[in-house]
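Asks: I have a structure here, written as structure tokens, and I will follow up with some questions on it.
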Amino acid sequence: MDGLELLKKQEELLQEGVPHAVVTLVETEGTARTHGKMLVLADGGIYGTVGGGAGERLAIRDAVQLLEQGKNAVRSYQLESPLSAAGKACGGSLTVFIESCPDTRPHLVMVGGGHVGLALIRAAKLAGFAVTLADTRGEQEIGQAIAAADRFLPLENFGSALAAQKLPAGAYYVVATYSHATDGEALGGVLQHTDAAYVGMIGSRRKIEALYEKLMAAGVTEKQLAAVHAPIGLALGGEAPEEIAVAILAELLMTRYGKRRGEL
């Protein structure tokens with residue numbers, strides 16, 4: 001992958017909000033490689049190279065760790081070994097600069113891609129959110145919502161399958177599935193993500209009370225439920241999906257910026 005291709009790939013990652021680290025070779029000694037650059041993803045996947053071999057593996061390891069911490073660093077690696085001394089492996093040393101490029105956008109996890117879900121995905125993206133859509137339905141039923149989201153998580157169910165997903169720390173979760181039963185199941189799954197910045201569920205007070213009773217019977221605590229925004233959104237008065245989406249987005253932004261309802 002040449003330099004231009006690598007720049008295009010990084011532009012693609014930045015536009016999609018994919019966290020990655022840029023590893024640049026800055027100094028070498030005793031090796032054939034004098035220039036190199038690679039992009040390292042959070043799972044260790046790479047684009048480009050800084051020479052391969054043991055030095056590159058060490059750089060990938062450190063890039064993944066630094067990306068998780070959101071830090072930059074200069075790292076040097078000594079590659080001398082008995083094999084390199086015997087001429088059976090590459091030796092020398094290399095120094096790299098590792099720059100973390102995390103996704104700094106707030107992250108919305110939209111659980112349910114129906115009419116309200118689609119409207120909220122579109123509105124949230126206009127407000128600068130990265131959006132992950134999670135649903136048990138597929139392209140045929142919620143194709144527009146899947147296309148509008150940055151990422152789609154197809155689920156086997158809204159309970160254990162949703163709870164097991166690896167999702168960004170500090171994400172904003174909105175539950176609006178296709179039935180009362182699946183809303184309750186989804187809320188139970190979402191509450192397993194204890195690092196959420198916001199959890200909200202759509203529905204009437206009567207529906208919410210009934211679902212809360214079932215969740216508490218299943219082991220969810222009153223403290224967990226007290227943190228849920230339900231009924232969801234600011235009471236703006238609209239009933240159309242787009243109007244409900246604006247009310248929900250307003251509450252997400254209120255939470256993000258540390259405001260209270262009384263200040264609005």
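Order determines the names: the first chain of the structure tokens is A, the second B, and so forth; residues in each chain are numbered 1 upward, and ligands are numbered 1 upward as they are shown.
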Using DSSP assignments from the backbone, pull out every residue in segment 47-190 of chain A that falls under alpha helix (DSSP H) and give it to me as a short mmCIF file (atom, residue, chain, number, x, y, z; two decimals) with C-alpha atoms, in the first residue's frame.
Replies:
```cif
data_model
loop_
_atom_site.label_atom_id
_atom_site.label_comp_id
_atom_site.auth_asym_id
_atom_site.auth_seq_id
_atom_site.Cartn_x
_atom_site.Cartn_y
_atom_site.Cartn_z
CA GLY A 53 9.02 -8.99 11.45
CA ALA A 54 9.48 -8.72 15.19
CA GLY A 55 9.76 -4.91 15.20
CA GLU A 56 6.41 -4.50 13.48
CA ARG A 57 4.72 -6.98 15.83
CA LEU A 58 6.00 -5.00 18.83
CA ALA A 59 4.81 -1.74 17.29
CA ILE A 60 1.34 -3.20 16.68
CA ARG A 61 1.15 -4.39 20.29
CA ASP A 62 2.08 -0.96 21.61
CA ALA A 63 -0.21 0.85 19.16
CA VAL A 64 -3.22 -1.16 20.35
CA GLN A 65 -2.39 -0.39 23.99
CA LEU A 66 -1.83 3.33 23.35
CA LEU A 67 -5.02 3.60 21.29
CA GLU A 68 -6.99 2.12 24.18
CA GLN A 69 -5.41 4.73 26.50
CA PRO A 82 21.26 -15.07 18.79
CA LEU A 83 19.57 -15.76 15.43
CA SER A 84 20.34 -12.29 14.08
CA ALA A 85 23.92 -12.56 15.29
CA HIS A 115 -39.84 4.89 12.36
CA VAL A 116 -38.58 6.67 15.49
CA GLY A 117 -35.23 4.89 15.32
CA LEU A 118 -34.67 5.95 11.71
CA ALA A 119 -35.64 9.56 12.47
CA LEU A 120 -33.35 9.68 15.51
CA ILE A 121 -30.41 8.16 13.62
CA ARG A 122 -30.69 10.87 10.98
CA ALA A 123 -31.08 13.68 13.53
CA ALA A 124 -28.26 12.43 15.76
CA LYS A 125 -25.82 12.23 12.86
CA LEU A 126 -26.60 15.85 11.97
CA GLU A 139 -32.29 -5.35 5.48
CA GLN A 140 -35.74 -6.24 4.20
CA GLU A 141 -37.54 -4.71 7.20
CA ILE A 142 -35.26 -1.87 8.34
CA GLY A 143 -33.03 -1.28 5.33
CA GLN A 144 -33.27 2.52 5.50
CA ALA A 145 -32.19 2.60 9.14
CA ILE A 146 -29.30 0.22 8.47
CA ALA A 147 -28.11 2.44 5.60
CA ALA A 148 -28.39 5.59 7.73
CA SER A 160 -28.14 -11.69 26.26
CA ALA A 161 -27.00 -10.98 22.69
CA LEU A 162 -27.21 -7.22 23.23
CA ALA A 163 -25.60 -7.46 26.66
CA HIS A 180 -43.42 -3.79 24.68
CA ALA A 181 -41.91 -7.20 25.34
CA THR A 182 -38.81 -6.58 23.25
CA ASP A 183 -38.41 -3.08 24.73
CA GLY A 184 -38.23 -4.66 28.20
CA GLU A 185 -35.82 -7.31 27.00
CA ALA A 186 -33.67 -4.67 25.31
CA LEU A 187 -33.59 -2.46 28.40
CA GLY A 188 -32.40 -5.42 30.43
CA GLY A 189 -29.62 -5.99 27.90
CA VAL A 190 -28.64 -2.32 27.79
#
```
Asks: What are the DSSP strand (DSSP E or B) residues of segment 94-180 of chain A, as an MDAnalysis selection string?
Replies: chainID A and resid 94:101 107:111 130:135 151:154 172:175
Asks: How many Å separate atom CA of Val220 of chain A from atom CA of Ile208 of chain A?
Replies: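 Interatomic distance, atom CA of Val220 of chain A to atom CA of Ile208 of chain A: 13.9 Å.
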Asks: Using only C-alpha atoms, which residues sit within 12 Å of Thr24 of chain A once same-chain residues fewer than 3 positions away are excluded, as number ranges by chain?
Replies: A: 3, 6, 21, 27-28, 34-40, 48-51, 56, 59-60, 63, 72-76, 94-100
Asks: What separation in Å, quoted to one decimal, exists between atom CA of Glu222 of chain A and atom CA of Ala210 of chain A?
Replies: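 We find that atom CA of Glu222 of chain A and atom CA of Ala210 of chain A lie 13.6 Å from each other.
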Asks: One decimal, in Å: what's the spacing between atom CA of Ala127 of chain A and atom CA of Arg105 of chain A?
Replies: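 The value is 9.9 Å.
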Asks: Looking at only C-alpha atoms, which of A:Leu215, A:Ile244, A:Ala197, A:Val22 is the one that sits closest to Tyr47 of chain A?
Replies: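 The shortest atom-to-atom distance to Tyr47 of chain A comes from A:Val22.
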Asks: Between A:Gly159, A:Gly113, A:Pro241, A:Gly200, which is the closest to Arg137 of chain A once you count only C-alpha atoms?
Replies: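 For Arg137 of chain A, the nearest of the candidates is A:Gly113.
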Asks: Counting only C-alpha atoms, which of A:Glu156, A:Asp135, A:Glu251, A:Glu242 gets nearest to Val199 of chain A?
Replies: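 Looking only at the distances to Val199 of chain A, the closest residue turns out to be A:Glu251.
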Asks: So, counting only C-alpha atoms, which residue among A:Pro102, A:Thr194, A:Leu14, A:Pro231 is closest to Arg206 of chain A?
Replies: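 Among the listed residues, A:Pro231 lies closest to Arg206 of chain A.
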Asks: Of the candidates A:Asp150, A:Glu29, A:Asp43, A:Asp103, which shows the shortest atom-to-atom distance to Glu80 of chain A, using only C-alpha atoms?
Replies: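 Of A:Asp150, A:Glu29, A:Asp43, A:Asp103, the one nearest Glu80 of chain A, counting only C-alpha atoms, is A:Glu29.
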Asks: Please list as a count of residues only every residue within 7 Å of segment 106-110 of chain A, counting only C-alpha atoms and excluding residues in the same chain fewer than 4 positions away.
Replies: 12
